[in-house]
>>> print(open('query-v5.cif').read())   # mmCIF, C-alpha atoms (C1' of nucleotides)
data_query
loop_
_atom_site.label_atom_id
_atom_site.label_comp_id
_atom_site.auth_asym_id
_atom_site.auth_seq_id
_atom_site.Cartn_x
_atom_site.Cartn_y
_atom_site.Cartn_z
CA MET U 293 24.71 -10.96 24.50
CA PRO U 294 25.34 -7.30 25.26
CA ARG U 295 22.41 -4.88 25.20
CA ALA U 296 21.75 -3.05 21.96
CA GLY U 297 20.47 0.03 23.77
CA LEU U 298 17.27 0.04 21.79
CA ASN U 299 14.09 1.88 22.71
CA THR U 300 10.94 2.93 20.94
CA GLU U 301 12.29 6.29 19.83
CA VAL U 302 15.49 4.84 18.41
CA LEU U 303 13.51 2.08 16.73
CA VAL U 304 11.29 4.61 14.97
CA GLY U 305 14.42 6.35 13.73
CA VAL U 306 15.94 3.13 12.45
CA ALA U 307 12.69 2.25 10.70
CA LEU U 308 12.49 5.68 9.06
CA ASP U 309 16.06 5.33 7.80
CA LEU U 310 15.24 1.91 6.42
CA VAL U 311 12.18 3.22 4.63
CA ASP U 312 14.18 6.11 3.20
CA GLU U 313 16.82 3.78 1.78
CA LYS U 314 14.86 0.74 0.69
CA GLY U 315 11.31 1.97 0.28
CA LEU U 316 8.17 1.48 2.29
CA GLU U 317 7.60 -2.14 1.28
CA ALA U 318 11.04 -3.07 2.68
CA LEU U 319 9.76 -2.45 6.20
CA SER U 320 9.68 -6.06 7.36
CA LEU U 321 10.34 -7.61 10.73
CA ALA U 322 13.53 -9.26 9.50
CA ALA U 323 14.98 -6.19 7.79
CA LEU U 324 14.16 -4.00 10.75
CA ALA U 325 15.63 -6.41 13.29
CA ASP U 326 18.76 -6.77 11.20
CA ARG U 327 19.24 -3.01 11.10
CA ALA U 328 18.57 -2.63 14.78
CA GLY U 329 21.19 -5.33 15.51
CA VAL U 330 18.71 -7.55 17.29
CA ALA U 331 16.70 -10.73 16.70
CA GLY U 332 13.21 -10.34 15.27
CA PRO U 333 11.09 -11.03 18.34
CA SER U 334 13.16 -8.63 20.43
CA LEU U 335 11.55 -5.76 18.55
CA TYR U 336 8.33 -6.45 20.40
CA LYS U 337 9.94 -5.17 23.58
CA HIS U 338 9.72 -1.72 22.02
CA MET U 339 6.61 -1.84 19.85
CA GLY U 340 3.19 -3.42 19.93
CA SER U 341 3.17 -4.50 16.31
CA LEU U 342 4.48 -3.45 12.92
CA ALA U 343 1.18 -1.62 12.35
CA SER U 344 1.58 0.42 15.53
CA LEU U 345 5.19 1.16 14.63
CA ARG U 346 4.02 2.49 11.29
CA GLY U 347 1.64 4.73 13.21
CA LEU U 348 4.49 6.13 15.29
CA MET U 349 6.55 6.61 12.15
CA ALA U 350 3.69 8.46 10.45
CA LEU U 351 3.33 10.68 13.47
CA ALA U 352 7.01 11.59 13.36
CA VAL U 353 6.82 12.28 9.63
CA VAL U 354 3.81 14.56 9.92
CA ARG U 355 5.60 16.50 12.63
CA GLN U 356 8.72 16.83 10.49
CA LEU U 357 6.64 18.00 7.57
CA THR U 358 4.77 20.47 9.76
CA ALA U 359 8.03 21.87 11.12
CA MET U 360 9.45 22.26 7.64
CA CYS U 361 6.33 23.98 6.33
CA THR U 362 6.11 26.22 9.38
CA THR U 363 9.63 27.56 9.01
CA ALA U 364 9.09 27.88 5.26
CA VAL U 365 6.18 30.28 5.61
CA MET U 366 7.51 32.32 8.50
CA GLY U 367 8.23 35.88 7.48
CA ARG U 368 6.30 35.51 4.23
CA SER U 369 2.77 36.33 3.21
CA ARG U 370 0.32 35.90 0.36
CA GLU U 371 1.87 34.65 -2.88
CA ASP U 372 5.29 34.32 -1.29
CA ALA U 373 3.95 32.22 1.55
CA VAL U 374 1.76 29.99 -0.59
CA GLU U 375 4.56 29.33 -3.05
CA ALA U 376 7.07 28.61 -0.28
CA LEU U 377 4.62 26.24 1.37
CA MET U 378 3.96 24.32 -1.82
CA ARG U 379 7.59 24.10 -2.81
CA HIS U 380 8.82 22.94 0.58
CA TYR U 381 6.00 20.44 0.88
CA ARG U 382 6.91 18.98 -2.48
CA ALA U 383 10.63 18.99 -1.66
CA PHE U 384 10.02 16.94 1.48
CA ALA U 385 7.95 14.36 -0.35
CA VAL U 386 10.44 14.07 -3.21
CA GLU U 387 13.43 13.74 -0.90
CA HIS U 388 11.71 11.20 1.34
CA PRO U 389 9.15 9.37 -0.77
CA GLY U 390 9.06 6.34 1.52
CA ARG U 391 8.45 8.45 4.62
CA TYR U 392 5.85 10.54 2.84
CA ALA U 393 3.94 7.48 1.65
CA LEU U 394 3.44 6.46 5.28
CA VAL U 395 1.22 9.41 6.04
CA PRO U 396 -1.88 8.85 3.92
CA LEU U 397 -1.94 5.20 5.00
CA ASN U 398 -2.13 6.06 8.67
CA ALA U 399 -3.74 9.49 8.82
CA LEU U 400 -7.29 8.21 8.91
CA GLN U 401 -7.25 5.31 11.32
CA ASP U 402 -4.70 6.64 13.80
CA PRO U 403 -6.15 9.48 15.90
CA ALA U 404 -2.72 10.72 16.97
CA VAL U 405 -1.62 11.06 13.35
CA ALA U 406 -4.91 12.74 12.50
CA ALA U 407 -4.35 15.29 15.26
CA ALA U 408 -0.83 16.01 14.00
CA GLY U 409 -2.29 16.32 10.51
CA ALA U 410 -4.69 18.96 11.78
CA GLU U 411 -1.71 21.00 12.90
CA LEU U 412 -0.20 20.73 9.45
CA LEU U 413 -3.45 21.90 7.93
CA ALA U 414 -3.44 24.81 10.35
CA VAL U 415 -0.28 26.01 8.62
CA PHE U 416 -2.14 25.89 5.32
CA GLY U 417 -4.96 27.87 6.92
CA ALA U 418 -2.64 30.47 8.38
CA VAL U 419 -1.19 31.19 4.96
CA LEU U 420 -4.68 31.86 3.62
CA ARG U 421 -5.59 34.42 6.24
CA ALA U 422 -3.63 37.04 4.33
CA TYR U 423 -6.18 36.52 1.55
CA GLY U 424 -9.05 37.15 3.94
CA LEU U 425 -10.16 33.55 3.57
CA GLU U 426 -11.80 32.05 6.62
CA GLY U 427 -14.39 29.43 7.46
CA SER U 428 -15.84 27.52 4.54
CA GLU U 429 -13.93 29.42 1.90
CA ALA U 430 -10.66 28.68 3.67
CA THR U 431 -11.56 24.98 3.84
CA HIS U 432 -12.21 24.85 0.11
CA ALA U 433 -8.98 26.69 -0.61
CA ILE U 434 -7.02 24.32 1.64
CA ARG U 435 -8.52 21.37 -0.19
CA ARG U 436 -7.49 22.84 -3.53
CA MET U 437 -3.93 23.24 -2.34
CA ARG U 438 -3.74 19.81 -0.73
CA ALA U 439 -5.26 17.99 -3.66
CA THR U 440 -2.98 19.74 -6.11
CA VAL U 441 0.29 19.35 -4.26
CA HIS U 442 -0.41 15.86 -2.97
CA GLY U 443 -1.57 14.70 -6.38
CA PHE U 444 1.50 16.12 -8.02
CA VAL U 445 4.02 14.53 -5.68
CA VAL U 446 2.22 11.20 -5.71
CA LEU U 447 2.46 11.09 -9.48
CA GLU U 448 6.01 12.41 -9.45
CA THR U 449 7.41 10.02 -6.85
CA GLY U 450 5.44 7.13 -8.32
CA GLY U 451 7.09 7.58 -11.69
CA GLY U 452 3.86 8.80 -13.23
CA PHE U 453 5.53 11.49 -15.30
CA GLY U 454 7.08 9.44 -18.04
CA LEU U 455 7.63 12.10 -20.66
CA PRO U 456 10.89 14.02 -20.78
CA GLU U 457 9.27 17.43 -20.24
CA ASP U 458 10.71 19.34 -17.33
CA VAL U 459 8.89 18.42 -14.13
CA GLU U 460 10.04 21.65 -12.50
CA ALA U 461 8.30 23.67 -15.20
CA SER U 462 5.15 21.63 -14.67
CA PHE U 463 5.26 22.37 -10.96
CA ASP U 464 5.81 26.06 -11.62
CA GLN U 465 2.59 26.07 -13.60
CA VAL U 466 0.80 24.20 -10.85
CA VAL U 467 1.87 26.83 -8.33
CA THR U 468 0.67 29.59 -10.65
CA MET U 469 -2.63 27.78 -11.11
CA VAL U 470 -3.22 27.60 -7.36
CA LEU U 471 -2.18 31.21 -6.82
CA ARG U 472 -4.64 32.42 -9.45
CA SER U 473 -7.42 30.46 -7.75
CA LEU U 474 -6.78 32.43 -4.55
CA GLU U 475 -7.35 35.87 -6.04
CA MET R 30 -16.21 -32.30 -8.76
CA PRO R 31 -17.98 -30.55 -11.65
CA ARG R 32 -16.11 -27.83 -13.54
CA ALA R 33 -16.60 -24.27 -12.39
CA GLY R 34 -16.23 -22.90 -15.92
CA LEU R 35 -13.52 -20.50 -14.85
CA ASN R 36 -11.09 -18.77 -17.15
CA THR R 37 -8.75 -15.80 -16.91
CA GLU R 38 -11.31 -13.29 -18.11
CA VAL R 39 -13.98 -14.45 -15.70
CA LEU R 40 -11.45 -14.54 -12.89
CA VAL R 41 -10.49 -10.92 -13.51
CA GLY R 42 -14.18 -10.02 -13.33
CA VAL R 43 -14.67 -11.89 -10.07
CA ALA R 44 -11.60 -10.22 -8.61
CA LEU R 45 -12.81 -6.77 -9.64
CA ASP R 46 -16.19 -7.41 -8.03
CA LEU R 47 -14.46 -8.55 -4.86
CA VAL R 48 -12.30 -5.44 -4.77
CA ASP R 49 -15.35 -3.26 -5.35
CA GLU R 50 -17.21 -4.79 -2.44
CA LYS R 51 -14.52 -5.44 0.12
CA GLY R 52 -11.68 -3.13 -0.82
CA LEU R 53 -8.31 -3.70 -2.38
CA GLU R 54 -6.71 -5.29 0.67
CA ALA R 55 -9.39 -8.00 0.65
CA LEU R 56 -7.93 -9.41 -2.55
CA SER R 57 -6.46 -12.59 -1.07
CA LEU R 58 -6.08 -16.06 -2.50
CA ALA R 59 -8.61 -17.49 -0.08
CA ALA R 60 -11.27 -14.81 -0.61
CA LEU R 61 -10.83 -14.98 -4.36
CA ALA R 62 -11.01 -18.78 -4.50
CA ASP R 63 -14.08 -18.75 -2.29
CA ARG R 64 -15.86 -16.31 -4.61
CA ALA R 65 -14.84 -18.22 -7.70
CA GLY R 66 -16.22 -21.42 -6.15
CA VAL R 67 -12.91 -23.22 -6.34
CA ALA R 68 -10.04 -24.27 -4.09
CA GLY R 69 -7.14 -21.85 -3.69
CA PRO R 70 -4.48 -23.59 -5.79
CA SER R 71 -6.92 -24.06 -8.68
CA LEU R 72 -6.68 -20.35 -9.36
CA TYR R 73 -3.18 -20.90 -10.69
CA LYS R 74 -4.68 -22.67 -13.72
CA HIS R 75 -5.87 -19.22 -14.83
CA MET R 76 -3.25 -16.83 -13.51
CA GLY R 77 0.48 -16.76 -12.95
CA SER R 78 0.36 -15.12 -9.54
CA LEU R 79 -1.69 -12.67 -7.56
CA ALA R 80 0.65 -9.93 -8.76
CA SER R 81 0.07 -10.75 -12.41
CA LEU R 82 -3.67 -10.92 -11.77
CA ARG R 83 -3.51 -7.44 -10.29
CA GLY R 84 -1.81 -6.36 -13.50
CA LEU R 85 -4.64 -7.77 -15.60
CA MET R 86 -7.15 -6.11 -13.32
CA ALA R 87 -5.38 -2.76 -13.62
CA LEU R 88 -5.39 -3.11 -17.38
CA ALA R 89 -9.13 -3.71 -17.41
CA VAL R 90 -9.71 -0.76 -15.11
CA VAL R 91 -7.66 1.64 -17.22
CA ARG R 92 -9.62 0.56 -20.26
CA GLN R 93 -12.92 1.09 -18.48
CA LEU R 94 -11.81 4.51 -17.34
CA THR R 95 -10.62 5.39 -20.84
CA ALA R 96 -13.94 4.31 -22.33
CA MET R 97 -15.88 6.35 -19.80
CA CYS R 98 -13.76 9.45 -20.36
CA THR R 99 -13.92 9.06 -24.12
CA THR R 100 -17.71 8.97 -24.24
CA ALA R 101 -17.83 11.82 -21.73
CA VAL R 102 -15.91 14.23 -23.94
CA MET R 103 -17.47 13.24 -27.25
CA GLY R 104 -19.51 16.05 -28.71
CA ARG R 105 -18.05 18.60 -26.29
CA SER R 106 -15.19 21.03 -26.55
CA ARG R 107 -13.15 23.45 -24.46
CA GLU R 108 -14.61 24.18 -21.01
CA ASP R 109 -17.45 21.74 -21.54
CA ALA R 110 -15.09 18.95 -22.48
CA VAL R 111 -12.58 19.59 -19.69
CA GLU R 112 -15.27 19.78 -17.07
CA ALA R 113 -16.98 16.62 -18.33
CA LEU R 114 -13.65 14.79 -18.35
CA MET R 115 -12.79 15.82 -14.79
CA ARG R 116 -16.25 15.05 -13.43
CA HIS R 117 -16.51 11.64 -15.04
CA TYR R 118 -12.99 10.73 -14.00
CA ARG R 119 -13.80 11.61 -10.42
CA ALA R 120 -17.14 9.80 -10.56
CA PHE R 121 -15.43 6.60 -11.65
CA ALA R 122 -12.87 6.77 -8.86
CA VAL R 123 -15.47 7.56 -6.21
CA GLU R 124 -17.82 4.81 -7.33
CA HIS R 125 -15.04 2.22 -7.58
CA PRO R 126 -12.33 3.25 -5.15
CA GLY R 127 -10.89 -0.25 -4.90
CA ARG R 128 -10.61 -0.63 -8.64
CA TYR R 129 -9.16 2.84 -9.03
CA ALA R 130 -6.52 2.22 -6.39
CA LEU R 131 -5.18 -0.65 -8.48
CA VAL R 132 -4.03 1.61 -11.27
CA PRO R 133 -1.24 3.70 -9.72
CA LEU R 134 0.22 0.54 -8.14
CA ASN R 135 0.60 -1.22 -11.48
CA ALA R 136 0.93 1.54 -14.06
CA LEU R 137 4.69 1.85 -13.73
CA GLN R 138 5.99 -1.68 -13.66
CA ASP R 139 3.52 -3.28 -16.04
CA PRO R 140 4.17 -2.24 -19.65
CA ALA R 141 0.70 -3.29 -20.81
CA VAL R 142 -0.92 -1.08 -18.19
CA ALA R 143 1.41 1.75 -19.10
CA ALA R 144 0.38 1.46 -22.75
CA ALA R 145 -3.29 1.56 -21.81
CA GLY R 146 -2.52 4.54 -19.60
CA ALA R 147 -1.04 6.33 -22.59
CA GLU R 148 -4.37 5.95 -24.36
CA LEU R 149 -6.15 7.49 -21.42
CA LEU R 150 -3.74 10.40 -21.49
CA ALA R 151 -4.44 10.77 -25.19
CA VAL R 152 -8.02 11.62 -24.25
CA PHE R 153 -6.71 14.34 -21.97
CA GLY R 154 -4.55 15.60 -24.82
CA ALA R 155 -7.44 15.60 -27.30
CA VAL R 156 -9.47 17.83 -25.03
CA LEU R 157 -6.66 20.34 -24.93
CA ARG R 158 -6.33 20.68 -28.68
CA ALA R 159 -9.35 23.01 -28.70
CA TYR R 160 -7.18 25.36 -26.63
CA GLY R 161 -4.43 25.21 -29.20
CA LEU R 162 -2.19 23.42 -26.74
CA GLU R 163 0.28 20.98 -28.24
CA GLY R 164 3.70 19.58 -27.50
CA SER R 165 5.31 20.68 -24.26
CA GLU R 166 2.52 23.02 -23.28
CA ALA R 167 0.00 20.24 -23.68
CA THR R 168 2.14 17.95 -21.52
CA HIS R 169 2.28 20.52 -18.73
CA ALA R 170 -1.46 21.10 -18.96
CA ILE R 171 -2.16 17.37 -18.83
CA ARG R 172 0.01 17.09 -15.76
CA ARG R 173 -1.91 19.89 -14.07
CA MET R 174 -5.20 18.16 -14.76
CA ARG R 175 -3.96 14.73 -13.71
CA ALA R 176 -2.31 15.93 -10.53
CA THR R 177 -5.36 17.93 -9.52
CA VAL R 178 -8.02 15.33 -10.23
CA HIS R 179 -5.99 12.38 -9.00
CA GLY R 180 -4.97 14.21 -5.85
CA PHE R 181 -8.55 15.19 -5.14
CA VAL R 182 -10.01 11.71 -5.52
CA VAL R 183 -7.18 10.10 -3.57
CA LEU R 184 -7.89 12.39 -0.65
CA GLU R 185 -11.63 12.04 -1.04
CA THR R 186 -11.74 8.25 -1.24
CA GLY R 187 -9.12 7.93 1.49
CA GLY R 188 -11.26 9.87 3.92
CA GLY R 189 -8.89 12.81 3.84
CA PHE R 190 -11.64 15.41 3.85
CA GLY R 191 -12.74 15.26 7.46
CA LEU R 192 -14.52 18.59 7.74
CA PRO R 193 -18.23 18.82 7.01
CA GLU R 194 -17.84 21.32 4.19
CA ASP R 195 -19.45 20.20 0.96
CA VAL R 196 -17.01 18.14 -1.09
CA GLU R 197 -18.98 18.87 -4.26
CA ALA R 198 -18.42 22.57 -3.78
CA SER R 199 -14.71 21.95 -3.28
CA PHE R 200 -14.57 20.00 -6.51
CA ASP R 201 -16.47 22.73 -8.35
CA GLN R 202 -13.75 25.15 -7.31
CA VAL R 203 -11.05 22.70 -8.39
CA VAL R 204 -12.63 22.48 -11.84
CA THR R 205 -12.79 26.26 -12.06
CA MET R 206 -9.16 26.49 -10.98
CA VAL R 207 -8.04 24.13 -13.74
CA LEU R 208 -10.18 25.84 -16.36
CA ARG R 209 -8.68 29.22 -15.52
CA SER R 210 -5.20 27.77 -15.89
CA LEU R 211 -6.02 26.79 -19.46
CA GLU R 212 -6.90 30.29 -20.68
"C1'" DG P 59 30.18 -5.28 47.10
"C1'" DC P 60 26.35 -7.88 46.31
"C1'" DA P 61 21.45 -9.31 46.06
"C1'" DT P 62 17.33 -8.53 43.28
"C1'" DG P 63 13.82 -7.65 40.10
"C1'" DA P 64 12.42 -5.21 35.93
"C1'" DA P 65 13.30 -5.18 31.44
"C1'" DA P 66 16.20 -6.52 27.19
"C1'" DG P 67 17.39 -10.13 24.66
"C1'" DC P 68 17.22 -14.92 22.91
"C1'" DT P 69 15.31 -19.62 20.86
"C1'" DA P 70 11.45 -22.35 19.76
"C1'" DC P 71 7.19 -22.39 18.05
"C1'" DC P 72 2.58 -21.23 15.78
"C1'" DC P 73 -0.51 -19.33 12.30
"C1'" DC P 74 -1.61 -17.54 8.01
"C1'" DG P 75 -0.99 -16.39 3.15
"C1'" DC P 76 1.18 -17.34 -1.34
"C1'" DA P 77 2.82 -20.78 -4.19
"C1'" DT P 78 4.29 -25.51 -6.22
"C1'" DA P 79 3.94 -30.67 -6.90
"C1'" DG P 80 1.67 -34.14 -8.47
"C1'" DC P 81 -2.47 -36.88 -8.73
"C1'" DT P 82 -7.53 -37.36 -10.35
"C1'" DT P 83 -11.42 -35.99 -13.05
"C1'" DT P 84 -13.72 -33.93 -16.69
"C1'" DC P 85 -14.96 -33.44 -21.41
"C1'" DA P 86 -14.28 -32.20 -26.46
"C1'" DG P 87 -12.56 -34.38 -30.79
"C1'" DG P 88 -11.38 -38.16 -33.53
"C1'" DC M 12 -15.77 -44.87 -26.78
"C1'" DC M 13 -10.85 -43.59 -26.37
"C1'" DT M 14 -7.73 -40.20 -25.30
"C1'" DG M 15 -5.15 -36.32 -23.95
"C1'" DA M 16 -5.28 -31.49 -22.60
"C1'" DA M 17 -6.72 -28.89 -19.13
"C1'" DA M 18 -9.51 -28.05 -14.73
"C1'" DG M 19 -9.80 -29.33 -10.39
"C1'" DC M 20 -8.18 -31.39 -6.00
"C1'" DT M 21 -5.03 -32.52 -1.62
"C1'" DA M 22 -0.60 -32.31 0.40
"C1'" DT M 23 3.29 -29.75 1.22
"C1'" DG M 24 6.76 -26.03 1.34
"C1'" DC M 25 8.26 -21.49 2.51
"C1'" DG M 26 8.38 -16.96 4.41
"C1'" DG M 27 6.46 -13.21 7.32
"C1'" DG M 28 4.17 -11.62 11.57
"C1'" DG M 29 3.53 -12.65 16.24
"C1'" DT M 30 3.63 -15.22 21.09
"C1'" DA M 31 5.63 -18.08 24.94
"C1'" DG M 32 8.75 -18.57 28.03
"C1'" DC M 33 13.51 -18.85 29.42
"C1'" DT M 34 18.16 -16.38 30.18
"C1'" DT M 35 20.95 -12.37 30.77
"C1'" DT M 36 21.88 -7.82 31.84
"C1'" DC M 37 22.23 -3.97 34.88
"C1'" DA M 38 20.38 -0.20 37.93
"C1'" DT M 39 19.04 0.12 42.53
"C1'" DG M 40 19.12 -0.39 47.47
"C1'" DC M 41 21.02 -2.67 51.32
#
>>> encode(input="query-v5.cif", output="structure tokens")
Amino acid sequence: MPRAGLNTEVLVGVALDLVDEKGLEALSLAALADRAGVAGPSLYKHMGSLASLRGLMALAVVRQLTAMCTTAVMGRSREDAVEALMRHYRAFAVEHPGRYALVPLNALQDPAVAAAGAELLAVFGAVLRAYGLEGSEATHAIRRMRATVHGFVVLETGGGFGLPEDVEASFDQVVTMVLRSLE
Amino acid sequence: MPRAGLNTEVLVGVALDLVDEKGLEALSLAALADRAGVAGPSLYKHMGSLASLRGLMALAVVRQLTAMCTTAVMGRSREDAVEALMRHYRAFAVEHPGRYALVPLNALQDPAVAAAGAELLAVFGAVLRAYGLEGSEATHAIRRMRATVHGFVVLETGGGFGLPEDVEASFDQVVTMVLRSLE
DNA sequence: GCATGAAAGCTACCCCGCATAGCTTTCAGG
DNA sequence: CCTGAAAGCTATGCGGGGTAGCTTTCATGC
């Protein structure tokens, strides 16, 4: 029985790949062990439980999303920045629906994920400074943006848009709606 | 062993009460049987599986939500109607977060729930007729409203609004944002 | 080179939750 | 009051998460 060379970091990566391919509900002990080339119980050498692994996965996802959003808004301001932020945020969620679905499930109870989430929200806040929004007004504006974008991608990735109308056009209008609320 | 007088309809009611009190994840065979005053396996005399029961529950919830939204918009038009629709929709989700969470999980795969969902969306569409919106434009407008309201209540009920800023004020601004997008 | 101990891996096992099988009991209708 | 459909029960199966405890690897120091 040669070593598989597994560790926590690699395991998180394997789990994220699995979730990307098969969906969040496919994240079972058996499926994960199979992919990692190891027997089920061996996974516990590298994680405390499936729940804690999901926490680590969520943390990684929030950091990926933060990095993507950060580079998206760099060198832009006002409408350009807000639109870039919203479009890249949506693109991440649509490309990796399984990964994205991990975040809301873990953001509240896991302090580490919550802290990483605060950094993501800081990107939202930074974009709003060009509008002179700070303090309470910035918080309300951030909530508008989050609710809108999150709601849209949740419905989109969940198959909630059944009609044949162009989803891109719908999102264009959503972006316009948010931009107008910032003036 | 006297009869408990259970049937499918009653069982759905018991399950909805359970979900209201203890949350969606508390909907287990044991908890449900305990509440219904019956042994676990006896539940299968009135349901096919927990999954199918969740479908029936989702159907009931969508109908409740549709009824609430329908009465909310009756006798109102334009801004009044849109605002009433959004506020009542949110109120339902906030008062019954467990119930509300059932819907997105079942709306896609269960055709009956999807049909009931179409009726709910018809209420959204009716409100928009006063704006002269029909066809594609109405679809896009409905999506804006759905994404915004659903996103807001998902974040709100999930504890996503950690800061102390007034959530009511945030929602007021969200309503204003949507109204402006309809002009 | 080889002894050694920490850590990776394994098999065997347990618990819990959903679900089925099949028997017993109720109770409405003839 | 007989009877059969349906409600209820206990016993059992099956699969998923998790633990116990042994075996094997392999980096380190002599």
>>> interface_residues(input="query-v5.cif", of="chain M", to="chain R", cutoff="10 Å", atoms="only C-alpha atoms (C1' of nucleotides)", output="ChimeraX atom specification")
/M:17-21
>>> interface_residues(input="query-v5.cif", of="chain P", to="chain U", cutoff="9 Å", atoms="all atoms listed in the file", output="NGL selection string")
:P and (65-68)
>>> closest_atom_pairs(input="query-v5.cif", of="chain U", to="chain R", cutoff="6 Å", atoms="all atoms listed in the file", output="tab-separated table")
residue	atom	partner	partner_atom	distance
U:His432	CA	R:Ser199	CA	5.1
U:Ala439	CA	R:Gly180	CA	4.4
U:Thr440	CA	R:Thr177	CA	4.5
U:His442	CA	R:Gly180	CA	5.6
U:Gly443	CA	R:Gly180	CA	3.5
U:Phe444	CA	R:Ala176	CA	4.6
U:Ser462	CA	R:His169	CA	5.1
U:Met469	CA	R:Ser210	CA	5.4
U:Ser473	CA	R:Met206	CA	5.4
>>> atom_distance(input="query-v5.cif", atom1="atom CA of Gly52 of chain R", atom2="atom CA of Glu148 of chain R")
26.3 Å
>>> atom_distance(input="query-v5.cif", atom1="atom CA of Leu319 of chain U", atom2="atom C1' of DG32 of chain M")
27.2 Å
>>> atom_distance(input="query-v5.cif", atom1="atom CA of Leu342 of chain U", atom2="atom CA of Leu303 of chain U")
11.3 Å
>>> resolve_selection(input="query-v5.cif", expression="the PyMOL selection byres ((chain P and resi 72) around 9)", output="PyMOL selection string")
(chain P and resi 71+73) or (chain M and resi 29-30)
